[in-house]
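input.txt follows; it contains compact mmCIF, C-alpha atoms and all ligand atoms.
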# COMPACT_ATOMS: atom_id res chain seq x y z
CA MET F 1 133.65 90.64 88.32
CA THR F 2 133.93 87.92 90.95
CA GLU F 3 135.17 84.41 90.18
CA GLU F 4 131.62 83.05 89.95
CA HIS F 5 130.53 85.61 87.37
CA ARG F 6 132.97 84.07 84.89
CA TYR F 7 130.76 80.99 84.65
CA ARG F 8 127.77 80.61 82.37
CA PRO F 9 124.35 81.56 83.75
CA ALA F 10 123.15 77.96 84.35
CA THR F 11 126.27 77.34 86.44
CA GLN F 12 125.83 80.59 88.36
CA ALA F 13 122.24 79.61 89.15
CA ALA F 14 122.98 76.02 90.19
CA GLN F 15 125.63 77.21 92.64
CA ALA F 16 123.84 80.41 93.68
CA LEU F 17 126.96 82.31 92.56
CA GLY F 18 129.11 79.88 94.54
CA TRP F 19 128.16 81.55 97.79
CA VAL F 20 129.17 79.52 100.86
CA GLU F 21 127.72 80.20 104.30
CA PRO F 22 130.61 81.94 106.09
CA ALA F 23 130.11 80.66 109.66
CA THR F 24 129.99 76.93 108.80
CA GLY F 25 130.97 76.46 105.16
CA GLY F 26 127.43 75.26 104.41
CA VAL F 27 126.59 75.04 100.71
CA ALA F 28 123.01 76.10 101.46
CA PRO F 29 122.74 79.71 102.56
CA ALA F 30 121.51 80.66 106.01
CA ILE F 31 118.36 82.68 106.58
CA TYR F 32 118.94 85.96 108.39
CA PRO F 33 115.66 86.69 110.16
CA ALA F 34 116.82 89.82 112.02
CA SER F 35 114.59 92.83 111.55
CA THR F 36 117.21 95.15 113.04
CA TYR F 37 120.99 95.24 113.59
CA VAL F 38 123.19 96.53 116.39
CA ARG F 39 124.71 99.84 115.38
CA GLN F 40 128.38 100.53 115.87
CA ALA F 41 129.29 103.56 117.91
CA VAL F 42 130.67 106.57 116.04
CA PRO F 43 131.00 106.83 113.03
CA GLY F 44 127.55 105.47 113.12
CA ARG F 45 126.21 102.61 111.12
CA THR F 46 126.77 98.99 110.27
CA LYS F 47 126.28 97.72 106.72
CA TYR F 48 122.79 96.67 107.79
CA LEU F 49 120.47 98.90 109.71
CA TYR F 50 116.93 97.62 109.41
CA SER F 51 115.45 94.87 107.21
CA ARG F 52 112.98 97.16 105.48
CA ASP F 53 116.10 98.61 103.83
CA ASP F 54 118.31 95.58 103.34
CA ASN F 55 118.94 92.07 104.62
CA PRO F 56 121.70 89.62 103.68
CA THR F 57 119.12 87.01 102.63
CA TYR F 58 117.56 89.40 100.11
CA GLU F 59 120.97 90.25 98.75
CA GLN F 60 121.90 86.71 97.75
CA ALA F 61 118.84 86.29 95.54
CA GLU F 62 119.22 89.87 94.26
CA GLN F 63 122.85 89.30 93.26
CA LEU F 64 122.06 86.08 91.45
CA LEU F 65 119.18 87.67 89.55
CA THR F 66 121.34 90.70 88.68
CA SER F 67 123.92 88.39 87.21
CA LEU F 68 121.43 86.22 85.30
CA GLU F 69 119.86 89.32 83.73
CA GLY F 70 123.18 91.04 83.02
CA GLY F 71 122.15 94.09 85.06
CA SER F 72 123.84 96.27 87.65
CA ALA F 73 121.48 95.80 90.62
CA ALA F 74 118.23 94.12 91.63
CA MET F 75 115.58 94.54 94.28
CA LEU F 76 113.16 91.93 95.58
CA PHE F 77 109.57 92.81 96.43
CA SER F 78 106.70 91.19 98.29
CA SER F 79 104.98 90.28 94.99
CA GLY F 80 105.28 90.87 91.26
CA MET F 81 102.57 93.49 91.59
CA ALA F 82 104.51 95.24 94.36
CA ALA F 83 107.44 95.49 91.92
CA ALA F 84 105.13 96.80 89.18
CA ALA F 85 103.47 99.29 91.53
CA THR F 86 106.88 100.52 92.70
CA LEU F 87 107.71 101.46 89.10
CA ILE F 88 104.52 103.52 88.93
CA GLN F 89 105.11 105.04 92.37
CA GLY F 90 108.49 106.20 91.12
CA LEU F 91 106.74 108.52 88.64
CA SER F 92 105.33 112.00 89.18
CA SER F 93 102.00 113.56 88.40
CA GLY F 94 101.90 114.48 84.69
CA ASP F 95 104.16 111.61 83.62
CA ARG F 96 102.85 109.13 81.07
CA VAL F 97 103.33 105.39 80.57
CA VAL F 98 102.75 103.44 77.36
CA LEU F 99 101.29 100.00 78.04
CA PRO F 100 100.41 97.16 75.66
CA GLU F 101 96.67 96.49 75.29
CA VAL F 102 97.19 92.90 76.39
CA VAL F 103 99.18 93.08 79.59
CA TYR F 104 98.91 91.22 82.91
CA TRP F 105 95.50 92.32 84.13
CA GLY F 106 96.81 93.39 87.57
CA VAL F 107 99.02 95.96 85.84
CA ARG F 108 96.00 97.18 83.86
CA ARG F 109 93.99 97.44 87.10
CA VAL F 110 96.72 99.46 88.86
CA ALA F 111 96.96 101.77 85.83
CA LYS F 112 93.25 102.29 85.29
CA ASP F 113 91.83 102.08 88.82
CA ILE F 114 94.62 103.44 91.01
CA ALA F 115 97.47 105.35 89.39
CA SER F 116 95.32 107.35 86.96
CA GLY F 117 93.96 109.02 90.12
CA TRP F 118 97.50 110.21 90.89
CA GLY F 119 97.68 112.24 87.67
CA ILE F 120 99.73 109.65 85.78
CA GLY F 121 98.56 109.09 82.20
CA PHE F 122 98.44 105.70 80.48
CA ASP F 123 98.38 105.14 76.73
CA PHE F 124 97.47 101.65 75.55
CA VAL F 125 98.81 100.41 72.21
CA PRO F 126 98.15 97.14 70.37
CA ASN F 127 100.88 94.59 71.21
CA GLY F 128 103.55 94.54 68.53
CA ASP F 129 102.31 97.62 66.62
CA LEU F 130 105.50 99.67 66.30
CA ASP F 131 103.79 102.51 64.41
CA ALA F 132 101.20 102.85 67.17
CA LEU F 133 103.99 102.84 69.75
CA ALA F 134 105.86 105.58 67.86
CA ARG F 135 102.65 107.66 67.77
CA ALA F 136 101.95 107.06 71.47
CA VAL F 137 105.31 108.13 72.94
CA GLN F 138 105.39 111.80 73.80
CA PRO F 139 108.92 113.23 74.11
CA GLY F 140 109.35 114.86 77.50
CA ARG F 141 106.15 113.35 78.92
CA THR F 142 106.34 109.59 78.37
CA ARG F 143 108.62 108.27 81.10
CA LEU F 144 108.11 104.52 80.67
CA VAL F 145 107.41 102.22 77.75
CA TRP F 146 106.16 98.99 79.30
CA LEU F 147 106.58 95.70 77.46
CA GLU F 148 105.46 92.28 78.54
CA THR F 149 106.88 89.44 76.48
CA PRO F 150 105.52 86.87 75.87
CA SER F 151 102.27 88.54 76.87
CA ASN F 152 99.84 87.10 79.38
CA PRO F 153 97.81 85.31 78.04
CA THR F 154 97.83 85.90 74.27
CA MET F 155 101.53 85.05 73.91
CA ALA F 156 102.42 88.07 71.75
CA VAL F 157 106.19 88.53 71.57
CA ALA F 158 107.38 92.15 71.69
CA ASP F 159 110.44 93.09 69.64
CA ILE F 160 112.40 94.56 72.54
CA GLU F 161 115.16 96.04 70.38
CA ALA F 162 112.75 97.84 68.04
CA CYS F 163 110.56 99.11 70.90
CA ALA F 164 113.59 100.30 72.85
CA ALA F 165 114.84 102.30 69.85
CA ILE F 166 111.47 104.11 69.64
CA ALA F 167 111.27 104.67 73.41
CA HIS F 168 114.83 105.94 73.75
CA ARG F 169 114.42 108.40 70.87
CA ALA F 170 111.61 109.96 72.92
CA GLY F 171 113.67 109.93 76.13
CA ALA F 172 111.56 107.20 77.77
CA LEU F 173 112.85 104.22 79.73
CA VAL F 174 111.95 100.68 78.71
CA VAL F 175 110.56 98.27 81.28
CA VAL F 176 110.20 94.62 80.31
CA ASP F 177 108.01 92.28 82.32
CA SER F 178 109.97 89.14 81.55
CA THR F 179 108.01 86.84 83.86
CA PHE F 180 106.98 84.39 81.09
CA ALA F 181 110.43 84.19 79.51
CA SER F 182 112.66 84.21 82.59
CA PRO F 183 116.38 84.98 82.14
CA VAL F 184 116.81 81.48 80.73
CA LEU F 185 115.03 82.40 77.48
CA THR F 186 115.38 86.19 77.11
CA ARG F 187 117.85 88.76 78.45
CA PRO F 188 115.99 92.05 77.88
CA ILE F 189 118.86 94.28 79.06
CA GLU F 190 121.08 93.02 76.23
CA LEU F 191 118.28 94.00 73.85
CA GLY F 192 117.94 97.56 75.14
CA ALA F 193 115.70 97.34 78.22
CA ASP F 194 116.47 99.68 81.12
CA ILE F 195 114.61 97.74 83.79
CA VAL F 196 113.48 94.11 83.89
CA MET F 197 110.52 93.12 86.02
CA HIS F 198 109.56 89.66 87.27
CA SER F 199 106.81 88.06 89.17
CA GLY F 200 109.18 85.86 91.17
CA THR F 201 106.09 83.85 92.13
CA LYS F 202 106.34 82.15 88.73
CA TYR F 203 109.40 80.65 87.03
CA LEU F 204 112.04 82.13 89.33
CA ASN F 205 110.57 80.31 92.32
CA GLY F 206 109.02 77.50 90.30
CA HIS F 207 107.35 75.58 93.13
CA SER F 208 104.18 77.60 93.77
CA ASP F 209 105.17 78.24 97.37
CA VAL F 210 106.23 81.91 97.33
CA ILE F 211 104.68 85.23 96.30
CA ALA F 212 107.56 87.48 95.20
CA GLY F 213 108.60 90.14 92.72
CA ALA F 214 111.79 91.69 91.43
CA LEU F 215 113.19 94.60 89.46
CA VAL F 216 116.61 94.57 87.81
CA ALA F 217 118.34 97.76 86.63
CA LYS F 218 120.59 97.96 83.60
CA GLU F 219 122.63 100.69 85.27
CA PRO F 220 122.49 103.11 88.17
CA SER F 221 120.24 106.12 87.50
CA PRO F 222 118.26 108.75 89.39
CA PHE F 223 115.08 106.76 88.58
CA TRP F 224 116.57 103.59 90.10
CA GLU F 225 117.53 105.60 93.22
CA LYS F 226 113.91 106.72 93.45
CA LEU F 227 112.75 103.10 93.23
CA ILE F 228 115.12 102.15 96.06
CA ALA F 229 113.56 104.93 98.11
CA VAL F 230 110.04 103.74 97.27
CA ARG F 231 110.83 100.23 98.50
CA ARG F 232 112.56 101.53 101.60
CA TYR F 233 109.88 104.02 102.61
CA ALA F 234 106.75 102.32 101.25
CA GLY F 235 108.08 99.01 102.54
CA ALA F 236 107.03 96.27 100.08
CA VAL F 237 110.03 94.08 100.97
CA LEU F 238 109.95 90.32 100.51
CA GLY F 239 111.11 89.03 103.90
CA PRO F 240 114.01 86.66 104.57
CA PHE F 241 112.14 83.33 104.57
CA GLU F 242 110.55 83.99 101.20
CA ALA F 243 113.81 85.36 99.79
CA TRP F 244 115.49 82.12 100.84
CA LEU F 245 112.80 80.02 99.13
CA LEU F 246 113.12 82.16 96.02
CA LEU F 247 116.88 81.61 95.91
CA ARG F 248 116.43 77.88 96.40
CA GLY F 249 114.00 77.81 93.49
CA MET F 250 116.33 79.82 91.26
CA ARG F 251 119.02 77.17 91.60
CA THR F 252 116.95 74.79 89.43
CA LEU F 253 115.61 77.52 87.13
CA PHE F 254 117.43 76.40 84.00
CA LEU F 255 116.51 72.73 84.39
CA ARG F 256 112.85 73.52 84.97
CA VAL F 257 112.41 76.10 82.22
CA ARG F 258 114.10 73.90 79.63
CA ALA F 259 111.89 70.91 80.58
CA GLN F 260 108.77 73.10 80.61
CA SER F 261 109.66 74.55 77.20
CA GLU F 262 110.10 71.06 75.74
CA ASN F 263 106.78 69.89 77.16
CA ALA F 264 105.01 73.04 75.95
CA MET F 265 106.42 72.62 72.44
CA ALA F 266 105.25 68.99 72.34
CA LEU F 267 101.75 70.02 73.49
CA ALA F 268 101.64 72.88 70.98
CA ARG F 269 102.61 70.57 68.12
CA HIS F 270 100.13 67.90 69.21
CA PHE F 271 97.16 70.29 69.32
CA GLU F 272 98.18 72.55 66.40
CA ASP F 273 95.90 70.83 63.87
CA HIS F 274 93.49 69.27 66.34
CA PRO F 275 89.83 69.34 65.26
CA SER F 276 88.66 70.66 68.68
CA ILE F 277 91.20 73.49 68.75
CA LEU F 278 90.74 76.67 66.77
CA HIS F 279 94.23 78.00 67.42
CA VAL F 280 97.28 77.17 69.52
CA LEU F 281 99.05 80.35 70.62
CA TYR F 282 102.70 79.42 71.18
CA PRO F 283 105.68 81.46 69.93
CA GLY F 284 107.59 78.28 69.09
CA LEU F 285 105.15 77.38 66.33
CA GLU F 286 105.90 78.61 62.81
CA SER F 287 102.22 79.61 62.60
CA HIS F 288 102.62 82.15 65.46
CA PRO F 289 102.56 85.71 64.08
CA ASP F 290 105.63 86.68 66.17
CA HIS F 291 107.58 83.48 65.54
CA ALA F 292 110.38 85.29 63.68
CA ILE F 293 110.87 87.74 66.57
CA ALA F 294 110.74 84.90 69.08
CA ARG F 295 113.38 82.93 67.17
CA ARG F 296 115.67 85.95 67.22
CA GLN F 297 115.02 87.03 70.77
CA MET F 298 114.40 83.85 72.76
CA THR F 299 117.26 81.43 73.26
CA GLY F 300 117.05 77.77 74.18
CA GLY F 301 113.26 77.43 73.93
CA PHE F 302 109.99 79.31 73.76
CA GLY F 303 108.75 78.88 77.31
CA GLY F 304 106.29 76.83 79.29
CA MET F 305 103.22 78.97 78.61
CA LEU F 306 100.74 78.48 75.80
CA SER F 307 97.12 79.31 75.15
CA LEU F 308 94.47 77.24 73.40
CA ARG F 309 91.47 78.73 71.65
CA ILE F 310 88.78 76.08 71.88
CA ARG F 311 86.47 75.49 68.92
CA GLY F 312 82.90 76.18 70.05
CA GLY F 313 83.42 79.45 71.92
CA GLU F 314 83.22 80.30 75.60
CA GLU F 315 80.89 77.48 76.59
CA ALA F 316 83.13 74.85 75.03
CA ALA F 317 86.21 76.40 76.64
CA LEU F 318 84.58 76.41 80.07
CA ARG F 319 83.52 72.78 79.67
CA ALA F 320 87.00 71.69 78.62
CA TRP F 321 88.48 73.67 81.51
CA GLY F 322 86.26 71.90 84.02
CA ALA F 323 86.99 68.48 82.51
CA CYS F 324 90.76 68.65 83.15
CA GLN F 325 91.95 66.27 85.83
CA LEU F 326 95.75 66.24 85.75
CA PHE F 327 95.98 69.95 84.85
CA LYS F 328 94.99 71.79 88.00
CA VAL F 329 92.23 74.34 87.50
CA ALA F 330 94.02 77.18 89.23
CA THR F 331 95.43 80.63 88.64
CA SER F 332 99.19 81.37 88.46
CA LEU F 333 101.89 79.74 86.38
CA GLY F 334 105.52 78.74 86.21
CA GLY F 335 105.43 75.94 88.78
CA VAL F 336 106.49 72.35 88.27
CA GLU F 337 102.82 71.29 88.18
CA SER F 338 100.65 72.07 85.14
CA LEU F 339 97.81 74.56 85.57
CA ILE F 340 95.00 75.70 83.30
CA GLU F 341 92.81 78.79 83.47
CA HIS F 342 89.99 80.52 81.64
CA ARG F 343 91.39 84.05 81.85
CA ALA F 344 88.42 86.00 80.46
CA SER F 345 86.14 84.95 83.33
CA ILE F 346 88.86 85.81 85.88
CA GLU F 347 89.70 89.21 84.38
CA GLY F 348 86.15 90.56 84.12
CA ALA F 349 84.23 92.83 81.79
CA ASP F 350 87.02 94.96 80.26
CA SER F 351 89.30 91.99 79.53
CA PRO F 352 90.69 91.96 75.97
CA VAL F 353 91.23 88.18 76.26
CA PRO F 354 89.15 86.03 73.85
CA LYS F 355 86.41 84.13 75.69
CA ASP F 356 87.32 80.83 74.03
CA LEU F 357 90.90 80.97 75.36
CA LEU F 358 92.37 78.66 77.99
CA ARG F 359 95.79 79.62 79.35
CA VAL F 360 98.04 76.67 80.04
CA SER F 361 101.08 76.67 82.32
CA VAL F 362 103.02 73.55 81.45
CA GLY F 363 104.88 71.77 84.23
CA ILE F 364 107.54 69.10 84.23
CA GLU F 365 105.25 66.03 84.26
CA ASP F 366 105.50 63.31 81.61
CA VAL F 367 104.19 65.06 78.51
CA GLN F 368 102.20 61.98 77.39
CA ASP F 369 100.08 62.30 80.55
CA LEU F 370 99.54 66.01 79.85
CA ILE F 371 98.51 65.33 76.25
CA ALA F 372 96.12 62.57 77.34
CA ASP F 373 94.48 64.82 79.95
CA LEU F 374 93.90 67.64 77.48
CA GLU F 375 92.64 65.17 74.86
CA ASN F 376 90.08 63.90 77.38
CA ALA F 377 89.11 67.44 78.32
CA VAL F 378 88.44 68.57 74.77
CA LYS F 379 86.61 65.26 74.04
CA ALA F 380 84.23 66.14 76.88
CA VAL F 381 83.20 69.17 74.80
N1 LIG Y 401 103.39 89.94 85.53
C1 LIG Y 401 102.93 88.82 84.93
C2 LIG Y 401 103.25 88.59 83.49
C3 LIG Y 401 102.13 87.92 85.63
O1 LIG Y 401 101.69 86.81 85.01
C4 LIG Y 401 101.83 88.18 87.00
C5 LIG Y 401 100.99 87.26 87.76
O2 LIG Y 401 100.41 86.33 87.22
C6 LIG Y 401 102.32 89.35 87.59
C7 LIG Y 401 103.10 90.20 86.83
C8 LIG Y 401 102.02 89.68 89.03
O3 LIG Y 401 102.77 88.88 89.88
P1 LIG Y 401 102.35 88.51 91.38
O4 LIG Y 401 101.16 87.61 91.30
O5 LIG Y 401 103.58 87.86 91.93
O6 LIG Y 401 102.01 89.78 92.06

For the file at hand, write its structure as structure tokens.
Ligand code: PLP
Amino acid sequence: MTEEHRYRPATQAAQALGWVEPATGGVAPAIYPASTYVRQAVPGRTKYLYSRDDNPTYEQAEQLLTSLEGGSAAMLFSSGMAAAATLIQGLSSGDRVVLPEVVYWGVRRVAKDIASGWGIGFDFVPNGDLDALARAVQPGRTRLVWLETPSNPTMAVADIEACAAIAHRAGALVVVDSTFASPVLTRPIELGADIVMHSGTKYLNGHSDVIAGALVAKEPSPFWEKLIAVRRYAGAVLGPFEAWLLLRGMRTLFLRVRAQSENAMALARHFEDHPSILHVLYPGLESHPDHAIARRQMTGGFGGMLSLRIRGGEEAALRAWGACQLFKVATSLGGVESLIEHRASIEGADSPVPKDLLRVSVGIEDVQDLIADLENAVKAV
């Protein structure tokens, strides 16, 4: 454990593990753009060889994320989906993965449209149904149990500890896509996860100016070694400029996520009993079916994501969506600016997302402006 690891996570993040640029003493890290490195003569290699393998700029962000998640190692990727696909590429024909029915649609697309053609089997179970999970895991065949919590966009909260117990009994590893929670609100490894996945595009970066992904391992393992090989040989690395932006974003992670969680809670409470809203899906509300799990598992807030089911069905939801002015009508989430999206029309025909649902990514604006904008939007319906 280095000096910096003794400090609490918010301190580690603010100071990027206390790393100081060695050539100048700069408190902002340098970017190392080199794609290749001069090799020493015999015995053969420098620490760095080629930036498809490793680069000092990746390592700073990787080390900070490893520490924030309480893992043993991390790898950055060129997108969240590149990280997700790497997990699947680490499997072999005949292996099976259990996925929740509501999961980020890109993961569902990779499973159904791409990886099933490689002989990998996928079993979908209803989010939160532990009996269904226990029935779905096949000892010796199921390699991964995939959780996404809170889920995109229905906000189901998976009980990581309970799911991990079921998965581990069957010899499967547990992957948690913790994009919505971020390490500020949930530390899946402490709850039994073997690998944590992030779309770094979202809360980790926080400024909507990077596409990035990450995996964090609880401990070294042959599977993790395989994933290192997949990144090295298949090549979905992030690149030094983006890694630098990601690290810069992570330094304000705690501040942003706490502010976003507060704003989201205020919005959820405001619209909970609103006549134009059928249902607010937010794990911080007592009315949320997974509230008890969320209270146990999420610390310091319930996140900046919520979904609204608009009274009047799809047409009403689409009209309210289009009437937003301050909320930007755009995909993605986790940035400092608030966004809103009608997921069912984005995801297409096999989407399990209700058609009256609008997904809201709450930013750090003044919450009274956000409430007023949504009030106007639902009035337009
Ligand atoms: N996982 C979740 C929960 C997401 O919301 C997203 C994107 O929205 C991804 C993974 C994919 O991340 P990226 O867009 O960085 O590939």

Query - Atom pair atom CA of F:Ala377 / atom CA of F:Gly335: separation (Å) - result: 21.2 Å

Please return as a compact mmCIF listing (two decimals) with C-alpha atoms, in the frame of the given file the residues found within 8 Å of ligand LIG 401 (chain Y), counting only C-alpha atoms and all ligand atoms.
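The resulting file, result.txt, is reproduced below:
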# COMPACT_ATOMS: atom_id res chain seq x y z
CA SER F 78 106.70 91.19 98.29
CA SER F 79 104.98 90.28 94.99
CA GLY F 80 105.28 90.87 91.26
CA MET F 81 102.57 93.49 91.59
CA ALA F 82 104.51 95.24 94.36
CA ALA F 83 107.44 95.49 91.92
CA ALA F 84 105.13 96.80 89.18
CA VAL F 103 99.18 93.08 79.59
CA TYR F 104 98.91 91.22 82.91
CA GLY F 106 96.81 93.39 87.57
CA VAL F 107 99.02 95.96 85.84
CA GLU F 148 105.46 92.28 78.54
CA THR F 149 106.88 89.44 76.48
CA SER F 151 102.27 88.54 76.87
CA ASN F 152 99.84 87.10 79.38
CA ASP F 177 108.01 92.28 82.32
CA SER F 178 109.97 89.14 81.55
CA THR F 179 108.01 86.84 83.86
CA PHE F 180 106.98 84.39 81.09
CA MET F 197 110.52 93.12 86.02
CA HIS F 198 109.56 89.66 87.27
CA SER F 199 106.81 88.06 89.17
CA GLY F 200 109.18 85.86 91.17
CA THR F 201 106.09 83.85 92.13
CA LYS F 202 106.34 82.15 88.73
CA ILE F 211 104.68 85.23 96.30
CA ALA F 212 107.56 87.48 95.20
CA GLY F 213 108.60 90.14 92.72
CA THR F 331 95.43 80.63 88.64
CA SER F 332 99.19 81.37 88.46
CA LEU F 333 101.89 79.74 86.38

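Nearest to F:Ala167 of all the residues F:Ala234, F:Pro222, F:Ala181, F:Val97 is F:Val97, counting all atoms listed in the file.
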
Report task. Using atom CA of F:Met250 and atom CA of F:Leu204 as the two end points, give the distance in Å to one decimal. Result ->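 Atom-to-atom, atom CA of F:Met250 to atom CA of F:Leu204, that is 5.2 Å.
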
Report task. Name all residues at most 6 Å from F:Asp194 (count all atoms listed in the file; drop same-chain ones fewer than 3 positions away) and give them as a list in words. Result ->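 The residues that qualify are Leu173, Val174 and Lys218 of chain F.
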
How would the residues just picked look written out with C-alpha atoms as a short mmCIF file (atom, residue, chain, number, x, y, z; two decimals), keeping the file's coordinate frame?
data_model
loop_
_atom_site.label_atom_id
_atom_site.label_comp_id
_atom_site.auth_asym_id
_atom_site.auth_seq_id
_atom_site.Cartn_x
_atom_site.Cartn_y
_atom_site.Cartn_z
CA LEU F 173 112.85 104.22 79.73
CA VAL F 174 111.95 100.68 78.71
CA LYS F 218 120.59 97.96 83.60
#

Report task. Go through F:Tyr233, F:Tyr48, F:Trp244, F:Phe327 one by one, measure the shortest atom-to-atom distance of each to F:Val210 using all atoms listed in the file, and give the residue with the smallest value. Result ->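 Closest to F:Val210 of all the choices is F:Trp244.
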
Query raised in the report: Using all atoms listed in the file, which of the listed residues (F:Leu255, F:Leu245, F:Val145, F:Ala236) sits closest to F:Gln89?
Result: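 The answer is F:Ala236, which sits nearest to F:Gln89.
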
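Closest to F:Gly121 among F:Gly334, F:Gly140, F:Gly94, F:Pro9 is F:Gly94, based on only C-alpha atoms.
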
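Taking atom CA of F:Gln12 and atom CA of F:Gln297 as the two end points, the separation is 21.6 Å.
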
Requested in this report: Write out as an MDAnalysis selection string the residues lying within 10 Å of F:Ala323, counting all atoms listed in the file and excluding same-chain residues fewer than 3 positions away.
Outcome: chainID F and resid 317:320 326:327 329 373:374 376:381

Determine, using only C-alpha atoms, which residues of stretch 261-329 of chain F have any atom at most 9 Å from an atom of stretch 360-371 of chain F, and tabulate each with its shortest atom pair and distance in Å to one decimal place, rows ordered by chain and then rising number, as a Markdown table.
| residue | atom | partner | partner_atom | distance |
| --- | --- | --- | --- | --- |
| F:Ser261 | CA | F:Val362 | CA | 7.9 |
| F:Glu262 | CA | F:Val367 | CA | 8.9 |
| F:Asn263 | CA | F:Val367 | CA | 5.6 |
| F:Ala264 | CA | F:Val362 | CA | 5.9 |
| F:Ala266 | CA | F:Val367 | CA | 7.4 |
| F:Leu267 | CA | F:Ile371 | CA | 6.3 |
| F:His270 | CA | F:Ile371 | CA | 7.7 |
| F:Phe271 | CA | F:Ile371 | CA | 8.6 |
| F:Gly303 | CA | F:Val362 | CA | 8.9 |
| F:Gly304 | CA | F:Val362 | CA | 5.1 |
| F:Met305 | CA | F:Ser361 | CA | 4.9 |
| F:Leu306 | CA | F:Val360 | CA | 5.3 |
| F:Ser307 | CA | F:Val360 | CA | 5.6 |
| F:Leu308 | CA | F:Val360 | CA | 7.6 |
| F:Leu326 | CA | F:Leu370 | CA | 7.0 |
| F:Phe327 | CA | F:Leu370 | CA | 7.3 |

Query - Nearest residue to F:Ser351 from the set F:Val102, F:Ala243, F:Met155, F:Val27 (distances using all atoms listed in the file) - result: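 The closest residue to F:Ser351 is F:Val102.
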
Report summary line: Of F:Lys47, F:Ala28, F:Leu227, F:Pro240, the one sitting nearest F:Ala14 when using only C-alpha atoms is F:Ala28

Considering all atoms listed in the file, return as a tab-separated table (two decimals) with C-alpha atoms, in the frame of the given file whatever protein or nucleic-acid residues lie within 8 Å of F:Ile277, sequence-local ones (same chain, fewer than 4 positions apart) excluded.
chain	number	residue	atom	x	y	z
F	271	PHE	CA	97.16	70.29	69.32
F	272	GLU	CA	98.18	72.55	66.40
F	273	ASP	CA	95.90	70.83	63.87
F	308	LEU	CA	94.47	77.24	73.40
F	309	ARG	CA	91.47	78.73	71.65
F	310	ILE	CA	88.78	76.08	71.88
F	311	ARG	CA	86.47	75.49	68.92

Query raised in the report: Using only C-alpha atoms, which residues sit within 10 Å of F:Gly284 once same-chain residues fewer than 3 positions away are excluded, as a list in words?
Result: Ser261, Ala264, Met265, Ala268, Arg269, Leu281, Ser287, His288, Asp290, His291, Ala292, Ala294, Arg295, Met298, Gly301, Phe302, Gly303 and Leu306 of chain F
